[in-house]
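Structure first, commentary second.
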Amino acid sequence: MIYMPNGWLGNYAYFRARLDAQKDAVVDLDTGVHYTYGDLEDRANRLAHVLAGFGVGKGDRVAFLSRNRVELIDGYFATGKLGAILVPYNARLSAQELGQLMASETPKVLCYEDVFAQNAAALVGSSPVEHFVVLGDTPNGDHPAYDGLLAQADSSFVSCDTLELEDIHLIIHTGGTTGLPKGGLVSHRSEVFNSFNEICTWSLGHTDSAVILLPLFHTGGWNLLTLPLLHVGGTIYINRTYDPKVALEVIQREKTTCLFGAATIFRMMVEQLEFAGADLSSLRWIMAGAAPTPINIMEEFWRKGIKFVLGYGMTEAGPNNLSTPAQFVPQDVVEAKFASVGKPMYLSLVKLIDDDGNEVTTADTPGELLWSGPQIFSGYWGNPGETGQTLVDGWVHTGDMATFDADGFYYIVGRKKNMFISGGENVFPPEIESALYDLDAVRECCVFGVPDEKWGEVGKAVVSLKPGKTVTKEEILATLNGKLARYKIPRYITFVDDVPKNNVGKIVVKQVTDLYGEPRD
């Protein structure tokens, strides 16, 4: 009998395999290979033995530079078994950026996909990495092939008996809109309770399945919906690169039940010729996060009879904190509260505070959104200053401004630092962006404040248009007049081909303002 007093996340595949080893856990859409829960447990034990042979022990970092592949799932469970820390790096970072992060986080091992071999080569000798492994079955020079190492490895059970819930299991990097991203420390406790929150809030079960649309170097890739579905015994479908046509095909063929993504991802989906005839009726709900989603995108799915709702989260806070519980909310309420990011999830604690730190208890009154509960992060790697500013007395200060209505639904009104003041009035860009999205021609937009001699600041909108659509500045202003107070209507409008976004499709305000921050059209 195997005794595991503190196995935690590394042994979740073992526990699932003990219940049903032959159940499909992960399906690789690029190779067509199905991996059962028994396969995941076997692969995790083998990788754990390989890593232990490289000298990896409790607290050591193991890095991955890869798109969505089963090896990342192996890495998740194997590091958990050893008490080590998994560090999935953003595959879009340059070798220089990766080197700077690695100099601080000091991973012992880097497992990389062959398409990133050039960056890996640049890190040899210039980073603290001691062992390089290339994913797949083909070695790269003196870097051994992952498949070969696993095939030769011991498959006996591995577990870290000294592991505790507060031990760190993941370093997930935040957006990094200014400078290098910060490494958010995610504990076993955070991961356990985040999955518990999702399973309870969304009624997830072993019959649920999802195409994973977000990258596994992002908190959304892991937590929406990879980890909760693997914990509850469901099935996930992964592929190297998001392809909206493939996603539509898989949803219909496999009758998947849940879907999470960002506005840009769903925009690409509805723009496919195949979307009009796609039967997506197997989906219990679709949820969007990371950035505001225009109502015209939501309406495309509503017309197919699917509950498309919004959610809210951030790496530091769980990441999942707010969502409209689609299974409990009728469609008329979904549509009436389309702009809401929902209600607090099962065990999440929430409050709003004003500028003086007092709790906001009145509906429809903006305040900074704070989170606490068992799902929050543990701080930033090697950055006590930033940790102290974000995590105060057990509460994560998000920097997001929010309100709640009389029914307990929350609304994000803007970022505290992105709010601007025009003529003494507080202006929150999301309200203006929402009005702009009502125009059929508008594809994407970003609003921010720019200097003005008379009013202090005035609004500027950076707008991209849908293919084949046209609209003038004058037409936009005429539409907004009467919908918004005069001080909220942008003084300047710049038309661009594409609004800058990050790797999950979220518009990056800092990049937009750096490029278009002058007070002119």
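Each chain in the structure tokens gets a letter, A, B, ..., in the order shown, and its residues are numbered from 1; ligands are numbered from 1 in order too.
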
When you look at A:Leu480 with a cut-off of 8 Å (counting only C-alpha atoms), what residues show up, excluding the ones that are within fewer than 4 positions of it in the same chain? I need them as a compact mmCIF listing (two decimals) with all heavy atoms, in the first residue's frame.
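Saved file selection.txt follows:
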# COMPACT_ATOMS: atom_id res chain seq x y z
N ALA A 435 -19.70 51.64 -25.78
CA ALA A 435 -20.53 52.42 -26.70
C ALA A 435 -19.98 52.36 -28.12
O ALA A 435 -20.73 52.30 -29.10
CB ALA A 435 -20.63 53.86 -26.22
N LEU A 436 -18.64 52.37 -28.25
CA LEU A 436 -18.03 52.28 -29.58
C LEU A 436 -18.32 50.93 -30.24
O LEU A 436 -18.54 50.85 -31.45
CB LEU A 436 -16.52 52.49 -29.47
CG LEU A 436 -16.05 53.93 -29.21
CD1 LEU A 436 -14.58 53.96 -28.84
CD2 LEU A 436 -16.31 54.81 -30.43
N ILE A 476 -18.90 58.60 -35.89
CA ILE A 476 -18.72 58.03 -34.55
C ILE A 476 -19.17 59.03 -33.49
O ILE A 476 -19.92 58.68 -32.56
CB ILE A 476 -17.25 57.62 -34.31
CG1 ILE A 476 -16.90 56.40 -35.17
CG2 ILE A 476 -17.01 57.33 -32.83
CD1 ILE A 476 -15.45 55.98 -35.06
N LEU A 484 -23.56 59.17 -24.39
CA LEU A 484 -22.61 59.44 -23.33
C LEU A 484 -22.64 60.92 -22.96
O LEU A 484 -22.99 61.77 -23.78
CB LEU A 484 -21.18 59.08 -23.78
CG LEU A 484 -20.89 57.62 -24.15
CD1 LEU A 484 -19.49 57.51 -24.74
CD2 LEU A 484 -21.03 56.72 -22.94
N ILE A 489 -17.12 61.78 -24.29
CA ILE A 489 -16.95 61.55 -25.73
C ILE A 489 -15.51 61.89 -26.13
O ILE A 489 -15.01 62.97 -25.84
CB ILE A 489 -17.95 62.39 -26.54
CG1 ILE A 489 -19.38 61.96 -26.20
CG2 ILE A 489 -17.69 62.27 -28.03
CD1 ILE A 489 -20.46 62.79 -26.85

(Q) Quick one: residues within 9 Å of A:Gly184, only C-alpha atoms, excluding same-chain residues fewer than 5 positions away - as a PyMOL selection string? (A) chain A and resi 170-174+315-316+377-381

Export N, CA and C atoms of the chosen residues as an mmCIF file, in the first residue's frame?
data_model
loop_
_atom_site.group_PDB
_atom_site.id
_atom_site.type_symbol
_atom_site.label_atom_id
_atom_site.label_comp_id
_atom_site.auth_asym_id
_atom_site.auth_seq_id
_atom_site.Cartn_x
_atom_site.Cartn_y
_atom_site.Cartn_z
ATOM 1 N N LEU A 170 3.820 26.394 -9.034
ATOM 2 C CA LEU A 170 3.916 27.058 -10.332
ATOM 3 C C LEU A 170 4.452 28.472 -10.170
ATOM 4 N N ILE A 171 5.245 28.895 -11.119
ATOM 5 C CA ILE A 171 5.524 30.322 -11.304
ATOM 6 C C ILE A 171 4.862 30.717 -12.613
ATOM 7 N N ILE A 172 3.810 31.529 -12.500
ATOM 8 C CA ILE A 172 3.075 32.003 -13.673
ATOM 9 C C ILE A 172 3.341 33.493 -13.822
ATOM 10 N N HIS A 173 3.821 33.893 -14.973
ATOM 11 C CA HIS A 173 4.206 35.278 -15.176
ATOM 12 C C HIS A 173 3.003 36.141 -15.533
ATOM 13 N N THR A 174 2.964 37.313 -14.922
ATOM 14 C CA THR A 174 1.890 38.258 -15.196
ATOM 15 C C THR A 174 2.129 38.925 -16.535
ATOM 16 N N THR A 315 -4.031 36.480 -12.319
ATOM 17 C CA THR A 315 -3.087 35.500 -11.800
ATOM 18 C C THR A 315 -2.995 35.569 -10.286
ATOM 19 N N GLU A 316 -2.880 36.772 -9.758
ATOM 20 C CA GLU A 316 -2.649 36.952 -8.336
ATOM 21 C C GLU A 316 -3.848 36.572 -7.475
ATOM 22 N N PHE A 377 -2.773 33.964 -4.660
ATOM 23 C CA PHE A 377 -1.362 33.621 -4.853
ATOM 24 C C PHE A 377 -0.555 33.920 -3.588
ATOM 25 N N SER A 378 0.743 33.625 -3.641
ATOM 26 C CA SER A 378 1.589 33.764 -2.448
ATOM 27 C C SER A 378 2.605 34.893 -2.574
ATOM 28 N N GLY A 379 2.561 35.661 -3.637
ATOM 29 C CA GLY A 379 3.513 36.750 -3.827
ATOM 30 C C GLY A 379 4.236 36.628 -5.154
ATOM 31 N N TYR A 380 5.245 37.487 -5.345
ATOM 32 C CA TYR A 380 6.038 37.479 -6.576
ATOM 33 C C TYR A 380 7.441 36.942 -6.289
ATOM 34 N N TRP A 381 7.954 36.165 -7.222
ATOM 35 C CA TRP A 381 9.285 35.591 -7.069
ATOM 36 C C TRP A 381 10.330 36.700 -6.936
#

Q. Which of stretch 198-352 of chain A counts as helix (DSSP H, G or I) under DSSP, as a ChimeraX atom specification please?
A. /A:198-202,219-232,244-254,263-270,273-275,295-302,315-317,326-328,331-336

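What separates atom CA of A:Leu150 from atom CA of A:Arg46 is a distance of 5.6 Å.
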
**Q.** Within 7 Å of A:Pro128 using only C-alpha atoms, minus same-chain residues under 5 positions, as an MDAnalysis selection string
**A.** chainID A and resid 102:103 106:108
